[in-house]
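Next comes entry-v3.pdb, with PDB, C-alpha atoms, pLDDT in the B column.
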ATOM      1  CA  MET A   1     -28.176 -27.121  -0.505  1.00 44.00           C
ATOM      2  CA  ILE A   2     -31.969 -26.908  -0.314  1.00 44.00           C
ATOM      3  CA  ILE A   3     -34.500 -28.850  -2.349  1.00 50.00           C
ATOM      4  CA  HIS A   4     -37.836 -27.073  -2.696  1.00 49.00           C
ATOM      5  CA  ARG A   5     -40.630 -28.460  -4.907  1.00 58.00           C
ATOM      6  CA  GLY A   6     -38.165 -30.615  -6.761  1.00 56.00           C
ATOM      7  CA  GLU A   7     -35.808 -27.689  -7.469  1.00 60.00           C
ATOM      8  CA  LEU A   8     -32.254 -27.716  -6.170  1.00 52.00           C
ATOM      9  CA  TYR A   9     -30.982 -24.472  -4.619  1.00 50.00           C
ATOM     10  CA  MET A  10     -27.413 -23.913  -3.481  1.00 57.00           C
ATOM     11  CA  THR A  11     -27.072 -21.998  -0.244  1.00 61.00           C
ATOM     12  CA  GLN A  12     -23.953 -20.161   0.800  1.00 80.00           C
ATOM     13  CA  THR A  13     -22.476 -20.939   4.207  1.00 88.00           C
ATOM     14  CA  ASP A  14     -20.650 -18.365   6.290  1.00 88.00           C
ATOM     15  CA  LYS A  15     -17.391 -20.172   5.408  1.00 89.00           C
ATOM     16  CA  ASP A  16     -18.160 -19.612   1.716  1.00 91.00           C
ATOM     17  CA  LYS A  17     -18.611 -15.912   2.431  1.00 92.00           C
ATOM     18  CA  PHE A  18     -15.108 -15.683   3.946  1.00 94.00           C
ATOM     19  CA  ILE A  19     -13.346 -16.898   0.803  1.00 95.00           C
ATOM     20  CA  GLY A  20     -11.414 -14.125  -0.892  1.00 96.00           C
ATOM     21  CA  THR A  21      -8.993 -11.307  -0.179  1.00 97.00           C
ATOM     22  CA  TRP A  22      -9.956  -8.596   2.287  1.00 98.00           C
ATOM     23  CA  ARG A  23      -8.314  -5.180   2.846  1.00 97.00           C
ATOM     24  CA  LEU A  24      -8.182  -3.648   6.319  1.00 96.00           C
ATOM     25  CA  ILE A  25     -10.323  -0.518   6.474  1.00 95.00           C
ATOM     26  CA  SER A  26     -10.644   0.003  10.228  1.00 90.00           C
ATOM     27  CA  TYR A  27      -8.616  -1.021  13.274  1.00 88.00           C
ATOM     28  CA  GLU A  28     -10.249  -0.217  16.596  1.00 84.00           C
ATOM     29  CA  ASP A  29      -8.423  -1.107  19.794  1.00 78.00           C
ATOM     30  CA  PRO A  30      -9.967   0.558  22.856  1.00 74.00           C
ATOM     31  CA  SER A  31      -7.331  -1.039  25.083  1.00 66.00           C
ATOM     32  CA  HIS A  32      -4.267  -0.181  22.998  1.00 59.00           C
ATOM     33  CA  THR A  33      -1.495   1.454  24.925  1.00 56.00           C
ATOM     34  CA  ALA A  34       1.541   3.578  24.160  1.00 46.00           C
ATOM     35  CA  ASP A  35       3.710   0.455  23.859  1.00 52.00           C
ATOM     36  CA  LYS A  36       1.599  -0.790  20.922  1.00 56.00           C
ATOM     37  CA  PRO A  37       0.995   2.262  18.762  1.00 56.00           C
ATOM     38  CA  TYR A  38      -1.091   1.854  15.625  1.00 65.00           C
ATOM     39  CA  LYS A  39      -0.943   4.655  13.107  1.00 69.00           C
ATOM     40  CA  ASP A  40      -2.955   4.284   9.895  1.00 79.00           C
ATOM     41  CA  PRO A  41      -2.502   0.499   9.752  1.00 87.00           C
ATOM     42  CA  LEU A  42      -2.618  -1.317   6.407  1.00 94.00           C
ATOM     43  CA  GLY A  43      -3.293  -4.978   5.892  1.00 96.00           C
ATOM     44  CA  TYR A  44      -4.832  -7.917   4.110  1.00 98.00           C
ATOM     45  CA  VAL A  45      -6.376 -11.191   5.165  1.00 98.00           C
ATOM     46  CA  MET A  46      -6.843 -13.965   2.610  1.00 98.00           C
ATOM     47  CA  TYR A  47      -9.085 -16.979   3.024  1.00 97.00           C
ATOM     48  CA  ASP A  48      -9.066 -19.701   0.353  1.00 96.00           C
ATOM     49  CA  TYR A  49     -11.435 -22.529  -0.439  1.00 94.00           C
ATOM     50  CA  THR A  50      -8.936 -25.167   0.808  1.00 96.00           C
ATOM     51  CA  GLY A  51      -9.187 -23.804   4.350  1.00 96.00           C
ATOM     52  CA  HIS A  52      -5.986 -21.738   4.412  1.00 98.00           C
ATOM     53  CA  VAL A  53      -5.592 -18.213   5.779  1.00 98.00           C
ATOM     54  CA  ALA A  54      -2.829 -15.598   5.576  1.00 98.00           C
ATOM     55  CA  VAL A  55      -2.833 -12.327   7.508  1.00 98.00           C
ATOM     56  CA  GLN A  56      -0.483  -9.360   7.177  1.00 97.00           C
ATOM     57  CA  ILE A  57      -0.886  -6.067   9.017  1.00 95.00           C
ATOM     58  CA  MET A  58       1.541  -3.181   8.934  1.00 93.00           C
ATOM     59  CA  ARG A  59       0.713  -1.350  12.154  1.00 86.00           C
ATOM     60  CA  ARG A  60       2.849   1.655  11.294  1.00 79.00           C
ATOM     61  CA  PRO A  61       3.369   2.431   7.609  1.00 81.00           C
ATOM     62  CA  ASP A  62       5.775   5.184   8.729  1.00 84.00           C
ATOM     63  CA  ARG A  63       8.343   2.695  10.079  1.00 85.00           C
ATOM     64  CA  PRO A  64      11.891   3.963   9.511  1.00 88.00           C
ATOM     65  CA  LYS A  65      13.885   2.329   6.724  1.00 92.00           C
ATOM     66  CA  PHE A  66      17.126   0.547   7.587  1.00 94.00           C
ATOM     67  CA  LYS A  67      20.123   2.800   6.914  1.00 94.00           C
ATOM     68  CA  SER A  68      22.119  -0.171   5.583  1.00 94.00           C
ATOM     69  CA  GLY A  69      19.305  -1.206   3.222  1.00 92.00           C
ATOM     70  CA  VAL A  70      19.982  -4.840   4.201  1.00 93.00           C
ATOM     71  CA  PRO A  71      17.470  -6.721   6.400  1.00 89.00           C
ATOM     72  CA  THR A  72      20.152  -8.674   8.272  1.00 90.00           C
ATOM     73  CA  GLN A  73      22.161  -5.531   9.069  1.00 93.00           C
ATOM     74  CA  GLY A  74      19.565  -3.456  10.899  1.00 93.00           C
ATOM     75  CA  THR A  75      20.492  -1.733  14.120  1.00 95.00           C
ATOM     76  CA  PRO A  76      18.744  -2.972  17.278  1.00 94.00           C
ATOM     77  CA  GLU A  77      16.449   0.084  17.116  1.00 93.00           C
ATOM     78  CA  GLU A  78      15.623  -0.519  13.426  1.00 93.00           C
ATOM     79  CA  LEU A  79      14.902  -4.203  14.068  1.00 93.00           C
ATOM     80  CA  LYS A  80      12.699  -3.352  17.049  1.00 92.00           C
ATOM     81  CA  ALA A  81      10.665  -0.797  15.042  1.00 91.00           C
ATOM     82  CA  ALA A  82      10.322  -3.209  12.109  1.00 92.00           C
ATOM     83  CA  PHE A  83       9.168  -6.085  14.323  1.00 91.00           C
ATOM     84  CA  GLU A  84       6.781  -4.003  16.424  1.00 89.00           C
ATOM     85  CA  GLY A  85       5.329  -2.320  13.357  1.00 89.00           C
ATOM     86  CA  TYR A  86       4.331  -5.479  11.484  1.00 92.00           C
ATOM     87  CA  SER A  87       2.296  -8.588  12.162  1.00 93.00           C
ATOM     88  CA  ALA A  88       2.025 -11.599   9.875  1.00 97.00           C
ATOM     89  CA  TYR A  89       0.949 -15.205  10.180  1.00 98.00           C
ATOM     90  CA  HIS A  90      -0.519 -18.037   8.133  1.00 98.00           C
ATOM     91  CA  GLY A  91      -2.201 -21.378   8.678  1.00 98.00           C
ATOM     92  CA  THR A  92      -5.592 -22.994   8.335  1.00 98.00           C
ATOM     93  CA  TYR A  93      -8.994 -21.817   9.476  1.00 97.00           C
ATOM     94  CA  GLU A  94     -12.408 -23.102  10.398  1.00 96.00           C
ATOM     95  CA  VAL A  95     -15.689 -21.256  10.793  1.00 96.00           C
ATOM     96  CA  ASN A  96     -18.058 -22.035  13.659  1.00 94.00           C
ATOM     97  CA  GLU A  97     -21.334 -20.617  12.327  1.00 93.00           C
ATOM     98  CA  ARG A  98     -23.350 -21.668  15.356  1.00 92.00           C
ATOM     99  CA  GLU A  99     -21.103 -19.709  17.764  1.00 90.00           C
ATOM    100  CA  GLY A 100     -20.242 -16.950  15.254  1.00 92.00           C
ATOM    101  CA  PHE A 101     -16.457 -17.210  15.298  1.00 93.00           C
ATOM    102  CA  VAL A 102     -13.574 -18.178  13.040  1.00 95.00           C
ATOM    103  CA  ILE A 103     -10.485 -19.962  14.336  1.00 95.00           C
ATOM    104  CA  HIS A 104      -7.103 -19.323  12.711  1.00 97.00           C
ATOM    105  CA  HIS A 105      -4.786 -22.286  13.420  1.00 98.00           C
ATOM    106  CA  VAL A 106      -1.362 -20.613  13.231  1.00 98.00           C
ATOM    107  CA  GLU A 107       1.292 -22.637  11.389  1.00 98.00           C
ATOM    108  CA  GLY A 108       3.820 -19.839  10.835  1.00 98.00           C
ATOM    109  CA  SER A 109       4.171 -16.374  12.318  1.00 98.00           C
ATOM    110  CA  LEU A 110       6.523 -13.420  12.526  1.00 96.00           C
ATOM    111  CA  PHE A 111       6.122 -13.853  16.299  1.00 95.00           C
ATOM    112  CA  PRO A 112       7.463 -17.374  17.014  1.00 96.00           C
ATOM    113  CA  ASN A 113       5.360 -17.832  20.170  1.00 96.00           C
ATOM    114  CA  GLU A 114       2.143 -17.873  18.076  1.00 96.00           C
ATOM    115  CA  VAL A 115       3.135 -20.962  16.061  1.00 98.00           C
ATOM    116  CA  GLY A 116       0.864 -23.856  16.991  1.00 97.00           C
ATOM    117  CA  LYS A 117      -1.663 -21.577  18.704  1.00 95.00           C
ATOM    118  CA  ASP A 118      -5.234 -20.711  17.719  1.00 94.00           C
ATOM    119  CA  LYS A 119      -6.473 -17.179  17.145  1.00 93.00           C
ATOM    120  CA  ILE A 120     -10.212 -16.956  17.720  1.00 92.00           C
ATOM    121  CA  ARG A 121     -12.185 -14.102  16.203  1.00 93.00           C
ATOM    122  CA  PHE A 122     -15.894 -13.449  16.504  1.00 93.00           C
ATOM    123  CA  TYR A 123     -17.196 -12.273  13.159  1.00 95.00           C
ATOM    124  CA  GLU A 124     -19.950 -10.034  11.938  1.00 94.00           C
ATOM    125  CA  LEU A 125     -20.945 -10.201   8.279  1.00 93.00           C
ATOM    126  CA  LEU A 126     -21.711  -6.534   7.711  1.00 93.00           C
ATOM    127  CA  SER A 127     -22.492  -7.008   3.993  1.00 88.00           C
ATOM    128  CA  ASN A 128     -21.271  -9.150   1.085  1.00 85.00           C
ATOM    129  CA  ASP A 129     -18.225  -6.896   0.941  1.00 94.00           C
ATOM    130  CA  ARG A 130     -17.520  -6.113   4.608  1.00 96.00           C
ATOM    131  CA  ILE A 131     -16.724  -8.242   7.600  1.00 96.00           C
ATOM    132  CA  ALA A 132     -15.664  -7.392  11.146  1.00 96.00           C
ATOM    133  CA  LEU A 133     -13.393  -9.660  13.176  1.00 96.00           C
ATOM    134  CA  ILE A 134     -13.353  -9.196  16.950  1.00 93.00           C
ATOM    135  CA  ALA A 135     -10.458 -10.654  18.954  1.00 89.00           C
ATOM    136  CA  THR A 136     -11.212 -13.155  21.694  1.00 82.00           C
ATOM    137  CA  SER A 137      -9.579 -16.081  23.436  1.00 61.00           C
ATOM    138  CA  ILE A 138     -10.332 -19.354  25.209  1.00 60.00           C
ATOM    139  CA  VAL A 139     -10.471 -19.214  29.005  1.00 63.00           C
ATOM    140  CA  GLY A 140     -10.963 -22.449  30.926  1.00 66.00           C
ATOM    141  CA  GLY A 141     -11.800 -24.335  27.724  1.00 66.00           C
ATOM    142  CA  LYS A 142     -14.601 -21.922  26.765  1.00 66.00           C
ATOM    143  CA  THR A 143     -14.622 -19.112  24.266  1.00 62.00           C
ATOM    144  CA  GLU A 144     -14.522 -15.768  26.032  1.00 67.00           C
ATOM    145  CA  PRO A 145     -17.500 -13.562  25.152  1.00 68.00           C
ATOM    146  CA  LYS A 146     -17.116 -10.372  23.120  1.00 70.00           C
ATOM    147  CA  SER A 147     -15.686  -7.571  25.198  1.00 70.00           C
ATOM    148  CA  PRO A 148     -16.061  -3.815  24.631  1.00 70.00           C
ATOM    149  CA  LEU A 149     -12.271  -3.658  25.123  1.00 71.00           C
ATOM    150  CA  ALA A 150     -11.547  -6.201  22.365  1.00 78.00           C
ATOM    151  CA  ARG A 151      -9.821  -5.234  19.136  1.00 84.00           C
ATOM    152  CA  ARG A 152     -12.223  -4.913  16.216  1.00 89.00           C
ATOM    153  CA  LEU A 153     -10.880  -5.048  12.683  1.00 93.00           C
ATOM    154  CA  THR A 154     -13.166  -4.258   9.765  1.00 95.00           C
ATOM    155  CA  TRP A 155     -12.234  -5.645   6.372  1.00 97.00           C
ATOM    156  CA  GLU A 156     -13.518  -4.907   2.866  1.00 97.00           C
ATOM    157  CA  ARG A 157     -13.485  -7.501   0.100  1.00 97.00           C
ATOM    158  CA  VAL A 158     -11.014  -6.766  -2.699  1.00 97.00           C
ATOM    159  CA  ARG A 159     -12.724  -6.930  -6.092  1.00 91.00           C
TER     160      ARG A 159
END
Do you think you could lay out the structure here as structure tokens?
Amino acid sequence: MIIHRGELYMTQTDKDKFIGTWRLISYEDPSHTADKPYKDPLGYVMYDYTGHVAVQIMRRPDRPKFKSGVPTQGTPEELKAAFEGYSAYHGTYEVNEREGFVIHHVEGSLFPNEVGKDKIRFYELLSNDRIALIATSIVGGKTEPKSPLARRLTWERVR
């Protein structure tokens, strides 16, 4: 909020700009290897005004269907392909405007080891309708700087 010559103006913070549903339009991973193939990934990230986030990414839309048609009756190969081809988690988030990153505090995840962890992403506000999130981590209590080998996901606001 800014007051100028007696007039009140509302300003939008970076956190305000995150609020909404975003569709994945680009997934760049210069370090990805054959054991983590990504083929035409699809996904959404949703940020709400209460500080909650939900992320779902289908890394491989061409994943094979289970022959049984029942999730609990997949073969080991079907279960492996399903698990490796999908990523999902939810929790809360906070935006650090000064440092230019968002922290996702993971409360639930398809991958159990992520529960209780933080996912830190540098962000770039490309426009009102596009945002890029760049993966990072904390090393020795400090946020690791952006790396040219880091994953970069570009999202477009759903209208």
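We find CA of Gly74 in chain A and CA of His90 in chain A to be spaced 25.0 Å apart.
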>> Assuming the chain letters and numbering stay as they are in my file, what does the PyMOL selection byres ((chain A and resi 51) around 10) actually select? List them as a PyMOL selection string.
In response: chain A and resi 15+19+47-50+52-53+91-95+104
Output C-alpha atoms for every residue in that selection, as a PDB file, in the frame of the given file.
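The result, stored in selection_14.pdb:
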ATOM      1  CA  LYS A  15     -17.391 -20.172   5.408  1.00 89.00           C
ATOM      2  CA  ILE A  19     -13.346 -16.898   0.803  1.00 95.00           C
ATOM      3  CA  TYR A  47      -9.085 -16.979   3.024  1.00 97.00           C
ATOM      4  CA  ASP A  48      -9.066 -19.701   0.353  1.00 96.00           C
ATOM      5  CA  TYR A  49     -11.435 -22.529  -0.439  1.00 94.00           C
ATOM      6  CA  THR A  50      -8.936 -25.167   0.808  1.00 96.00           C
ATOM      7  CA  HIS A  52      -5.986 -21.738   4.412  1.00 98.00           C
ATOM      8  CA  VAL A  53      -5.592 -18.213   5.779  1.00 98.00           C
ATOM      9  CA  GLY A  91      -2.201 -21.378   8.678  1.00 98.00           C
ATOM     10  CA  THR A  92      -5.592 -22.994   8.335  1.00 98.00           C
ATOM     11  CA  TYR A  93      -8.994 -21.817   9.476  1.00 97.00           C
ATOM     12  CA  GLU A  94     -12.408 -23.102  10.398  1.00 96.00           C
ATOM     13  CA  VAL A  95     -15.689 -21.256  10.793  1.00 96.00           C
ATOM     14  CA  HIS A 104      -7.103 -19.323  12.711  1.00 97.00           C
TER      15      HIS A 104
END
>> To test your reading of the syntax: which residues would the PyMOL selection byres ((chain A and resi 66) around 10) return for the file shown? Reply as a ChimeraX atom specification.
In response: /A:63-65,67-75,77-79,81-82
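Nearest to Ala132 in chain A of all the residues A:Pro76, A:Gly20, A:Gly100, A:Pro112 is A:Gly100, based on only C-alpha atoms.
The shortest atom-to-atom distance to Ser127 in chain A, with all atoms listed in the file taken into account, belongs to A:Thr154 out of A:Thr154, A:Ser26, A:Asn113, A:Asn96.
Taking CA of Val106 in chain A as the reference point, CA of Val55 in chain A is found at 10.2 Å.
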